>>> print(open('data_17.txt').read())   # compact mmCIF, C-alpha atoms
# COMPACT_ATOMS: atom_id res chain seq x y z
CA MET A 1 -153.27 149.21 13.78
CA SER A 2 -154.97 151.72 11.51
CA ARG A 3 -152.84 153.46 8.96
CA ILE A 4 -152.31 157.21 9.47
CA GLU A 5 -153.64 159.08 6.44
CA ALA A 6 -150.96 161.27 4.92
CA THR A 7 -151.76 164.86 4.09
CA PRO A 8 -149.99 166.97 1.48
CA PRO A 9 -147.50 169.53 2.79
CA ARG A 10 -149.27 172.80 3.53
CA TRP A 11 -146.64 174.89 1.82
CA ALA A 12 -147.06 172.90 -1.39
CA VAL A 13 -150.84 173.31 -1.32
CA ALA A 14 -150.43 177.06 -0.70
CA LEU A 15 -147.91 177.31 -3.54
CA LEU A 16 -150.28 175.63 -5.97
CA ARG A 17 -153.17 177.87 -4.91
CA LEU A 18 -150.99 180.87 -5.52
CA VAL A 19 -149.70 179.84 -8.91
CA LEU A 20 -152.48 177.83 -10.56
CA PRO A 21 -155.09 179.68 -12.64
CA ASP A 22 -158.26 181.03 -11.05
CA GLY A 23 -161.47 179.10 -10.61
CA SER A 24 -162.26 175.51 -11.38
CA HIS A 25 -159.37 175.24 -13.83
CA GLY A 26 -156.81 175.48 -11.04
CA GLU A 27 -158.99 173.46 -8.68
CA CYS A 28 -159.09 170.58 -11.18
CA VAL A 29 -155.31 170.47 -11.48
CA GLN A 30 -154.94 170.48 -7.71
CA ALA A 31 -157.65 167.82 -7.30
CA ASP A 32 -155.86 165.62 -9.87
CA LEU A 33 -152.65 165.89 -7.89
CA ASP A 34 -154.50 165.19 -4.63
CA GLU A 35 -156.01 162.07 -6.17
CA GLU A 36 -152.63 160.80 -7.28
CA PHE A 37 -151.27 161.60 -3.83
CA LYS A 38 -153.96 159.44 -2.20
CA THR A 39 -153.18 156.58 -4.53
CA LEU A 40 -149.47 156.89 -3.79
CA SER A 41 -150.09 157.17 -0.04
CA ALA A 42 -151.67 153.71 -0.07
CA SER A 43 -148.44 152.11 -1.23
CA ALA A 44 -145.70 154.46 0.03
CA THR A 45 -144.72 155.86 3.40
CA PRO A 46 -146.37 159.17 4.38
CA GLY A 47 -142.98 160.90 4.21
CA ALA A 48 -142.28 159.64 0.70
CA ALA A 49 -145.75 160.63 -0.45
CA ARG A 50 -145.36 164.12 1.01
CA ARG A 51 -141.95 164.54 -0.60
CA TRP A 52 -143.43 163.45 -3.93
CA TYR A 53 -146.29 165.93 -3.59
CA GLY A 54 -143.96 168.78 -2.68
CA TRP A 55 -141.65 168.10 -5.60
CA GLU A 56 -144.55 167.79 -8.05
CA ALA A 57 -146.07 171.04 -6.72
CA ILE A 58 -142.78 172.82 -7.36
CA LYS A 59 -142.50 171.42 -10.89
CA ILE A 60 -146.12 172.21 -11.77
CA SER A 61 -145.78 175.74 -10.34
CA ALA A 62 -142.58 176.31 -12.31
CA HIS A 63 -144.32 175.22 -15.52
CA PHE A 64 -147.30 177.52 -14.94
CA MET A 65 -145.11 180.48 -14.01
CA TRP A 66 -142.94 179.92 -17.06
CA SER A 67 -146.05 179.59 -19.19
CA ASP A 68 -147.44 182.89 -17.81
CA ALA A 69 -144.12 184.63 -18.42
CA SER A 70 -143.88 183.26 -21.97
CA GLU A 71 -147.43 184.38 -22.66
CA ALA A 72 -146.73 187.87 -21.34
CA TRP A 73 -143.52 188.04 -23.39
CA ALA A 74 -145.34 186.91 -26.52
CA HIS A 75 -147.90 189.69 -26.08
CA LYS A 76 -145.54 192.36 -24.82
CA GLY A 77 -145.95 194.44 -27.97
CA GLU A 78 -149.72 194.58 -27.65
CA GLY A 79 -150.76 197.67 -25.75
CA GLY A 80 -148.84 200.41 -24.04
CA GLY A 81 -147.00 200.56 -20.75
CA MET A 82 -150.14 201.54 -18.85
CA ASP A 83 -152.02 198.54 -20.27
CA ARG A 84 -149.27 196.21 -19.14
CA MET A 85 -149.11 197.83 -15.74
CA TRP A 86 -152.87 197.53 -15.33
CA GLN A 87 -152.72 193.90 -16.44
CA ASN A 88 -149.97 193.20 -13.92
CA MET A 89 -152.04 194.89 -11.21
CA ARG A 90 -155.02 192.71 -12.01
CA ILE A 91 -152.91 189.55 -11.94
CA ALA A 92 -151.44 190.60 -8.59
CA LEU A 93 -154.88 191.35 -7.14
CA ARG A 94 -156.28 188.05 -8.38
CA ARG A 95 -153.42 186.18 -6.77
CA PHE A 96 -153.85 188.13 -3.56
CA GLY A 97 -157.53 187.18 -3.55
CA ARG A 98 -156.67 183.56 -4.09
CA ALA A 99 -154.39 183.41 -1.07
CA PRO A 100 -155.83 185.96 1.39
CA GLY A 101 -153.88 184.65 4.39
CA PHE A 102 -150.58 184.90 2.59
CA SER A 103 -151.56 188.32 1.21
CA VAL A 104 -152.46 189.70 4.63
CA VAL A 105 -149.16 188.50 6.07
CA ALA A 106 -147.22 189.91 3.11
CA VAL A 107 -149.00 193.29 3.26
CA LEU A 108 -148.62 193.52 7.05
CA THR A 109 -144.95 192.62 6.80
CA MET A 110 -144.38 195.30 4.20
CA ALA A 111 -146.45 197.83 6.15
CA LEU A 112 -144.52 197.14 9.33
CA GLY A 113 -141.22 197.34 7.49
CA ILE A 114 -142.08 200.58 5.75
CA GLY A 115 -143.59 202.06 8.92
CA ALA A 116 -140.59 201.11 11.03
CA ASN A 117 -138.20 202.54 8.46
CA VAL A 118 -140.13 205.80 8.20
CA ALA A 119 -140.29 206.09 11.99
CA ILE A 120 -136.60 205.35 12.42
CA VAL A 121 -135.57 207.74 9.68
CA SER A 122 -137.88 210.44 11.08
CA VAL A 123 -136.56 210.03 14.62
CA VAL A 124 -132.93 209.84 13.53
CA ASP A 125 -133.42 212.84 11.27
CA THR A 126 -135.14 214.90 13.94
CA VAL A 127 -133.08 213.87 16.95
CA LEU A 128 -129.66 213.28 15.50
CA LEU A 129 -129.37 214.99 12.14
CA ASP A 130 -131.58 218.08 12.26
CA PRO A 131 -130.16 220.84 14.48
CA LEU A 132 -132.46 222.22 17.17
CA PRO A 133 -134.20 225.46 16.16
CA TYR A 134 -131.96 227.56 18.38
CA GLU A 135 -128.88 229.57 17.67
CA ASP A 136 -125.75 227.54 18.50
CA SER A 137 -128.00 224.69 19.49
CA GLU A 138 -125.03 222.33 19.75
CA GLU A 139 -123.99 224.26 22.88
CA LEU A 140 -127.32 223.66 24.60
CA VAL A 141 -127.26 221.09 27.41
CA ALA A 142 -129.65 219.95 30.11
CA LEU A 143 -128.52 219.80 33.73
CA TRP A 144 -129.89 217.29 36.19
CA GLU A 145 -129.09 216.34 39.72
CA TRP A 146 -127.71 212.89 40.40
CA ASN A 147 -129.38 211.50 43.50
CA VAL A 148 -126.70 208.97 44.47
CA PRO A 149 -128.55 207.09 47.27
CA ARG A 150 -131.50 206.47 44.92
CA ASP A 151 -129.32 206.25 41.84
CA ASN A 152 -131.58 208.73 40.09
CA ARG A 153 -129.56 210.57 37.48
CA THR A 154 -132.42 212.83 36.41
CA ASN A 155 -133.41 214.10 39.80
CA VAL A 156 -135.22 217.43 39.68
CA ALA A 157 -133.04 220.15 41.19
CA ASN A 158 -134.54 222.25 43.95
CA SER A 159 -134.49 226.03 43.72
CA GLY A 160 -131.57 226.38 46.14
CA ASN A 161 -129.35 224.11 44.09
CA PHE A 162 -130.41 225.89 40.91
CA ALA A 163 -129.54 229.25 42.46
CA ALA A 164 -126.11 227.86 43.39
CA TRP A 165 -125.51 226.60 39.84
CA ARG A 166 -126.65 229.87 38.35
CA ASP A 167 -124.47 231.99 40.61
CA ARG A 168 -121.33 229.87 40.77
CA ALA A 169 -121.10 227.86 37.57
CA SER A 170 -118.48 229.36 35.27
CA SER A 171 -118.68 226.71 32.50
CA PHE A 172 -122.06 227.89 31.27
CA GLU A 173 -122.81 231.12 29.54
CA SER A 174 -126.34 231.14 30.86
CA VAL A 175 -128.47 228.94 33.10
CA THR A 176 -132.25 228.83 33.08
CA ALA A 177 -134.59 226.71 35.19
CA VAL A 178 -137.75 225.20 33.73
CA SER A 179 -140.52 223.44 35.61
CA MET A 180 -142.26 220.20 34.67
CA MET A 181 -144.94 220.42 31.97
CA MET A 182 -148.35 221.27 33.36
CA PRO A 183 -151.76 222.00 31.88
CA ALA A 184 -152.99 225.58 31.70
CA THR A 185 -156.03 227.33 30.30
CA LEU A 186 -155.26 229.84 27.60
CA ARG A 187 -157.80 232.62 27.39
CA GLY A 188 -158.01 235.28 24.76
CA ALA A 189 -160.44 236.66 22.23
CA GLY A 190 -161.81 233.26 21.22
CA GLU A 191 -162.74 230.13 23.07
CA PRO A 192 -160.45 229.23 25.98
CA ASP A 193 -158.12 226.33 25.24
CA GLU A 194 -156.14 223.95 27.39
CA VAL A 195 -152.45 223.98 26.61
CA ARG A 196 -149.30 222.54 28.15
CA SER A 197 -147.09 225.06 29.87
CA GLN A 198 -143.85 225.35 31.80
CA TYR A 199 -142.53 227.94 34.17
CA ALA A 200 -139.10 229.26 33.28
CA SER A 201 -136.74 231.50 35.15
CA PRO A 202 -135.19 234.45 33.34
CA PRO A 203 -131.94 233.46 31.68
CA THR A 204 -128.73 234.80 33.05
CA SER A 205 -127.51 235.98 29.68
CA SER A 206 -129.07 237.91 26.86
CA ARG A 207 -127.92 235.15 24.52
CA SER A 208 -130.63 232.93 25.87
CA TRP A 209 -133.20 234.99 24.01
CA ALA A 210 -132.34 232.79 21.13
CA TRP A 211 -134.70 230.28 22.72
CA ARG A 212 -137.67 232.49 22.24
CA PRO A 213 -138.64 231.75 18.61
CA SER A 214 -139.89 228.31 19.53
CA TRP A 215 -142.04 229.54 22.39
CA VAL A 216 -145.00 231.79 22.82
CA GLY A 217 -144.92 234.25 25.65
CA ARG A 218 -143.62 237.55 26.76
CA LEU A 219 -139.95 238.33 26.82
CA LEU A 220 -138.33 237.51 30.10
CA PRO A 221 -136.54 240.55 31.49
CA THR A 222 -133.20 239.74 33.09
CA SER A 223 -133.73 242.62 35.47
CA ARG A 224 -136.44 240.65 37.28
CA PRO A 225 -134.68 237.35 37.95
CA LEU A 226 -136.86 236.19 40.79
CA ARG A 227 -140.17 236.16 38.99
CA PRO A 228 -140.56 233.12 36.78
CA ARG A 229 -142.90 233.44 33.82
CA ARG A 230 -145.01 230.84 32.17
CA LEU A 231 -144.15 229.68 28.63
CA PHE A 232 -146.58 227.95 26.29
CA SER A 233 -145.83 225.31 23.75
CA PRO A 234 -146.58 226.62 20.26
CA LEU A 235 -147.95 223.24 19.25
CA ASP A 236 -150.76 223.57 21.75
CA THR A 237 -151.70 227.08 20.83
CA GLY A 238 -151.87 226.36 17.10
CA MET B 239 -159.10 179.15 -36.34
CA SER B 240 -156.20 180.85 -38.04
CA PRO B 241 -155.54 179.66 -41.60
CA LYS B 242 -153.04 177.06 -40.39
CA THR B 243 -152.31 175.99 -36.89
CA PHE B 244 -149.07 174.10 -36.54
CA LEU B 245 -148.93 171.71 -33.67
CA GLY B 246 -145.94 170.71 -31.64
CA GLU B 247 -145.15 167.05 -31.13
CA PHE B 248 -146.46 167.00 -27.58
CA GLU B 249 -149.59 168.90 -28.57
CA GLN B 250 -150.32 166.25 -31.18
CA MET B 251 -149.84 163.53 -28.58
CA VAL B 252 -152.26 165.22 -26.19
CA LEU B 253 -154.91 165.65 -28.88
CA LEU B 254 -154.56 162.04 -30.03
CA ALA B 255 -154.69 160.74 -26.46
CA ILE B 256 -157.90 162.68 -25.82
CA LEU B 257 -159.41 161.17 -28.96
CA GLN B 258 -158.28 157.70 -27.88
CA GLU B 259 -159.84 158.02 -24.45
CA ARG B 260 -163.19 159.16 -25.91
CA GLU B 261 -165.73 159.39 -23.07
CA ASN B 262 -163.08 158.77 -20.46
CA ALA B 263 -160.85 161.69 -21.45
CA PHE B 264 -160.15 163.02 -17.96
CA ALA B 265 -156.77 164.61 -17.30
CA LEU B 266 -155.29 161.72 -15.36
CA GLU B 267 -156.41 159.13 -17.93
CA VAL B 268 -155.17 161.21 -20.87
CA ARG B 269 -151.78 161.61 -19.26
CA ARG B 270 -151.54 157.89 -18.50
CA GLU B 271 -152.52 157.09 -22.09
CA ILE B 272 -149.65 159.22 -23.42
CA GLU B 273 -147.21 157.59 -21.01
CA ARG B 274 -148.44 154.12 -21.98
CA SER B 275 -148.54 154.64 -25.73
CA ALA B 276 -145.46 156.78 -26.16
CA ASP B 277 -143.52 154.95 -23.48
CA ARG B 278 -142.30 158.17 -21.95
CA THR B 279 -142.75 160.01 -18.69
CA VAL B 280 -145.00 163.03 -19.00
CA SER B 281 -144.36 165.96 -16.72
CA ARG B 282 -147.58 167.08 -15.05
CA GLY B 283 -146.68 170.74 -15.40
CA ALA B 284 -145.98 170.41 -19.13
CA PHE B 285 -149.16 168.40 -19.59
CA TYR B 286 -151.48 170.86 -17.86
CA THR B 287 -149.95 173.93 -19.46
CA THR B 288 -150.25 172.24 -22.86
CA LEU B 289 -153.92 171.56 -22.20
CA ASP B 290 -154.31 175.24 -21.31
CA ARG B 291 -152.58 176.32 -24.49
CA LEU B 292 -154.68 174.01 -26.66
CA GLU B 293 -157.83 175.30 -24.99
CA ARG B 294 -156.78 178.91 -25.65
CA LYS B 295 -156.17 178.01 -29.30
CA GLY B 296 -159.68 176.56 -29.47
CA LEU B 297 -158.42 173.06 -30.26
CA VAL B 298 -159.60 171.48 -27.04
CA ALA B 299 -162.75 172.01 -24.99
CA TRP B 300 -163.58 170.73 -21.57
CA LEU B 301 -166.64 170.15 -19.44
CA GLU B 302 -166.59 170.24 -15.69
CA GLU B 303 -168.08 167.21 -14.01
CA THR B 304 -168.93 166.25 -10.48
CA PRO B 305 -166.55 163.49 -9.42
CA ARG B 306 -167.99 160.06 -8.72
CA ASP B 307 -165.44 159.56 -5.96
CA ALA B 308 -166.68 161.68 -3.03
CA ARG B 309 -163.17 161.76 -1.57
CA ARG B 310 -161.86 163.74 -4.52
CA SER B 311 -161.01 167.27 -3.40
CA GLY B 312 -162.22 169.14 -6.49
CA PRO B 313 -164.05 168.97 -9.80
CA LEU B 314 -163.12 166.84 -12.80
CA ARG B 315 -162.62 168.00 -16.37
CA ARG B 316 -163.64 165.85 -19.31
CA PHE B 317 -161.73 166.92 -22.39
CA SER B 318 -162.72 166.74 -26.02
CA VAL B 319 -161.04 167.75 -29.27
CA THR B 320 -162.89 170.48 -31.14
CA PRO B 321 -163.44 170.39 -34.94
CA ASP B 322 -160.60 172.90 -35.24
CA GLY B 323 -158.44 170.53 -33.22
CA VAL B 324 -159.24 167.66 -35.59
CA LEU B 325 -158.46 169.91 -38.55
CA ALA B 326 -155.13 170.91 -37.02
CA LEU B 327 -154.27 167.24 -36.48
CA ARG B 328 -155.15 166.49 -40.09
CA GLU B 329 -152.94 169.33 -41.35
CA SER B 330 -150.06 168.20 -39.19
CA ARG B 331 -150.44 164.63 -40.37
CA LYS B 332 -150.60 165.77 -43.98
CA ALA B 333 -147.35 167.70 -43.56
CA PHE B 334 -145.78 164.74 -41.80
CA ASP B 335 -146.87 162.33 -44.54
CA ALA B 336 -145.63 164.67 -47.26
CA LEU B 337 -142.24 164.99 -45.62
CA SER B 338 -142.03 161.25 -45.04
CA ARG B 339 -142.85 160.33 -48.64
CA GLY B 340 -140.22 158.09 -50.15
CA LEU B 341 -138.31 157.82 -46.90
CA ASP B 342 -139.83 154.58 -45.65
CA GLY B 343 -136.71 152.67 -46.53
CA VAL B 344 -134.45 155.11 -44.75
CA ILE B 345 -136.63 155.35 -41.65
CA GLU B 346 -137.32 151.64 -41.42
CA GLY B 347 -133.71 150.82 -42.23
CA LEU B 348 -132.47 152.75 -39.24
CA GLY B 349 -134.84 150.94 -36.89
>>> encode(input="data_17.txt", output="structure tokens")
Amino acid sequence: MSRIEATPPRWAVALLRLVLPDGSHGECVQADLDEEFKTLSASATPGAARRWYGWEAIKISAHFMWSDASEAWAHKGEGGGMDRMWQNMRIALRRFGRAPGFSVVAVLTMALGIGANVAIVSVVDTVLLDPLPYEDSEELVALWEWNVPRDNRTNVANSGNFAAWRDRASSFESVTAVSMMMPATLRGAGEPDEVRSQYASPPTSSRSWAWRPSWVGRLLPTSRPLRPRRLFSPLDTG
Amino acid sequence: MSPKTFLGEFEQMVLLAILQERENAFALEVRREIERSADRTVSRGAFYTTLDRLERKGLVAWLEETPRDARRSGPLRRFSVTPDGVLALRESRKAFDALSRGLDGVIEGLG
């Protein structure tokens, strides 16, 4: 039966590539270790040879890292903070270049982490922490129908139901109906532009005018409750 | 070279082992020579970082060679001791001899 050729542990090889000096210098050290590994593999079990290689890789890496740190410490007085920072940047870039796979994974991991954190903080800040841009925004609620047979808790209310809520509900200071978002063409002095728009019924209380600052459109007169007007999102008109 | 380069004990061993190996002064052979002659285990990390340090000091030079064994995964380095390296060894030996003068009886007596 042919003997299975042992291979060094991948992590140990990657560690050495990361830590050993650039160019042929580092390659020679790694090749020396590989050669000793092959010699050992001929007389030891693959597992023992791999364990030996891993342990030697750790020890060699520790020596080189300690040597680099000692060197940097010995020369810490030479040059200013910017010089040292620039030197550290160059060392980091060289090591990134030496292990591109590891670098890509590390950069992507950091990018995802930072991106996710920024997104979460932004959403939490906007949705939970920042008040809505309306007066007494904490009193603002959305009403939906609950279609029990279909178990749809955000069923769109028809105009009859809305009229009943508006006329009979005593828990709300004011009730206003808004339609779904729909595209509309905005025409004026310049080029026409497509914007998103919603129809809205006039509010039942003057207090609801507090909504207006975030919308573009004409004031909705309460004296004409049956004529809905179209509101435009300010983001689209920008 | 600086006016005087003082060598550590292990640095002296590495330089002497390179000189002993002459044309065969490759890293693995040099390390084995130290282990054989000094009867001690030599850490690979300490050995390679010492070679680096000696090279930075200008006491050791190396030439890259194509390995004869095609299965070898990378290049080989043949080391040599520079004239400055020989001078540093001489200075170290001189200091050692001066400090040892008249102590043969004490040193041998303890053996």
>>> closest_atom_pairs(input="data_17.txt", of="chain A", to="chain B", cutoff="10 Å", atoms="all atoms listed in the file", output="Markdown table")
| residue | atom | partner | partner_atom | distance |
| --- | --- | --- | --- | --- |
| A:Pro21 | CA | B:Asp290 | CA | 9.8 |
| A:Ser24 | CA | B:Pro313 | CA | 7.0 |
| A:His25 | CA | B:Arg315 | CA | 8.3 |
| A:Gly26 | CA | B:Gly312 | CA | 9.5 |
| A:Glu27 | CA | B:Gly312 | CA | 5.8 |
| A:Cys28 | CA | B:Pro313 | CA | 5.4 |
| A:Val29 | CA | B:Tyr286 | CA | 7.5 |
| A:Gln30 | CA | B:Gly312 | CA | 7.5 |
| A:Ala31 | CA | B:Gly312 | CA | 4.8 |
| A:Asp32 | CA | B:Leu266 | CA | 6.8 |
| A:Leu33 | CA | B:Arg282 | CA | 8.9 |
| A:Asp34 | CA | B:Ser311 | CA | 6.9 |
| A:Glu35 | CA | B:Arg310 | CA | 6.3 |
| A:Glu36 | CA | B:Leu266 | CA | 8.6 |
| A:Lys38 | CA | B:Arg310 | CA | 9.3 |
| A:Glu56 | CA | B:Arg282 | CA | 7.7 |
| A:Ala57 | CA | B:Gly283 | CA | 8.7 |
| A:Ile58 | CA | B:Gly283 | CA | 9.2 |
| A:Lys59 | CA | B:Gly283 | CA | 6.2 |
| A:Ile60 | CA | B:Gly283 | CA | 4.0 |
| A:Ser61 | CA | B:Gly283 | CA | 7.2 |
| A:Ala62 | CA | B:Gly283 | CA | 7.6 |
| A:His63 | CA | B:Gly283 | CA | 5.1 |
| A:Phe64 | CA | B:Thr287 | CA | 6.4 |
| A:Met65 | CA | B:Thr287 | CA | 9.8 |
| A:Trp66 | CA | B:Thr287 | CA | 9.5 |
| A:Ser67 | CA | B:Thr287 | CA | 6.9 |
| A:Asp68 | CA | B:Thr287 | CA | 9.5 |
| A:Glu71 | CA | B:Arg291 | CA | 9.7 |
>>> atom_distance(input="data_17.txt", atom1="CA of Asn262 in chain B", atom2="CA of Val298 in chain B")
14.7 Å
>>> atom_distance(input="data_17.txt", atom1="CA of Glu173 in chain A", atom2="CA of Glu139 in chain A")
9.6 Å
>>> closest_residue(input="data_17.txt", among="A:Met180, A:Leu18, A:Ala12, A:Met110", to="Phe96 in chain A", atoms="all atoms listed in the file")
A:Leu18
>>> axis_aligned_box(input="data_17.txt", around="range 321-337 of chain B", padding_each_side="8 Å", output="JSON")
{"center_x": -152.8, "center_y": 167.6, "center_z": -40.2, "size_x": 37.2, "size_y": 26.6, "size_z": 30.0}
>>> residues_around(input="data_17.txt", residues="Val319 in chain B", least_positions_apart="5", cutoff="8 Å", atoms="all atoms listed in the file", output="compact mmCIF listing (two decimals) with C-alpha atoms, in the coordinates of the input")
# COMPACT_ATOMS: atom_id res chain seq x y z
CA LEU B 253 -154.91 165.65 -28.88
CA ILE B 256 -157.90 162.68 -25.82
CA LEU B 257 -159.41 161.17 -28.96
CA LEU B 297 -158.42 173.06 -30.26
CA VAL B 298 -159.60 171.48 -27.04
CA ALA B 299 -162.75 172.01 -24.99
CA VAL B 324 -159.24 167.66 -35.59
>>> atom_distance(input="data_17.txt", atom1="CA of Ile114 in chain A", atom2="CA of Gly97 in chain A")
22.5 Å
>>> closest_residue(input="data_17.txt", among="A:Val123, A:Glu5, A:Leu93, A:Trp165", to="Ser43 in chain A", atoms="only C-alpha atoms")
A:Glu5
>>> residues_around(input="data_17.txt", residues="range 143-153 of chain A", least_positions_apart="2", cutoff="12 Å", atoms="all atoms listed in the file", output="PyMOL selection string")
chain A and resi 140-141+155-159+161-162+165-166+169+172+174-178
>>> residues_around(input="data_17.txt", residues="Glu271 in chain B", least_positions_apart="5", cutoff="10 Å", atoms="all atoms listed in the file", output="PyMOL selection string")
chain B and resi 251-252+254-256+258-259+263+265-266+276-277
>>> closest_residue(input="data_17.txt", among="B:Arg306, B:Glu249, B:Asp322, B:Ala333", to="Leu289 in chain B", atoms="all atoms listed in the file")
B:Glu249
>>> closest_residue(input="data_17.txt", among="B:Thr320, B:Ser330, B:Thr304, B:Ser275", to="Phe244 in chain B", atoms="all atoms listed in the file")
B:Ser330
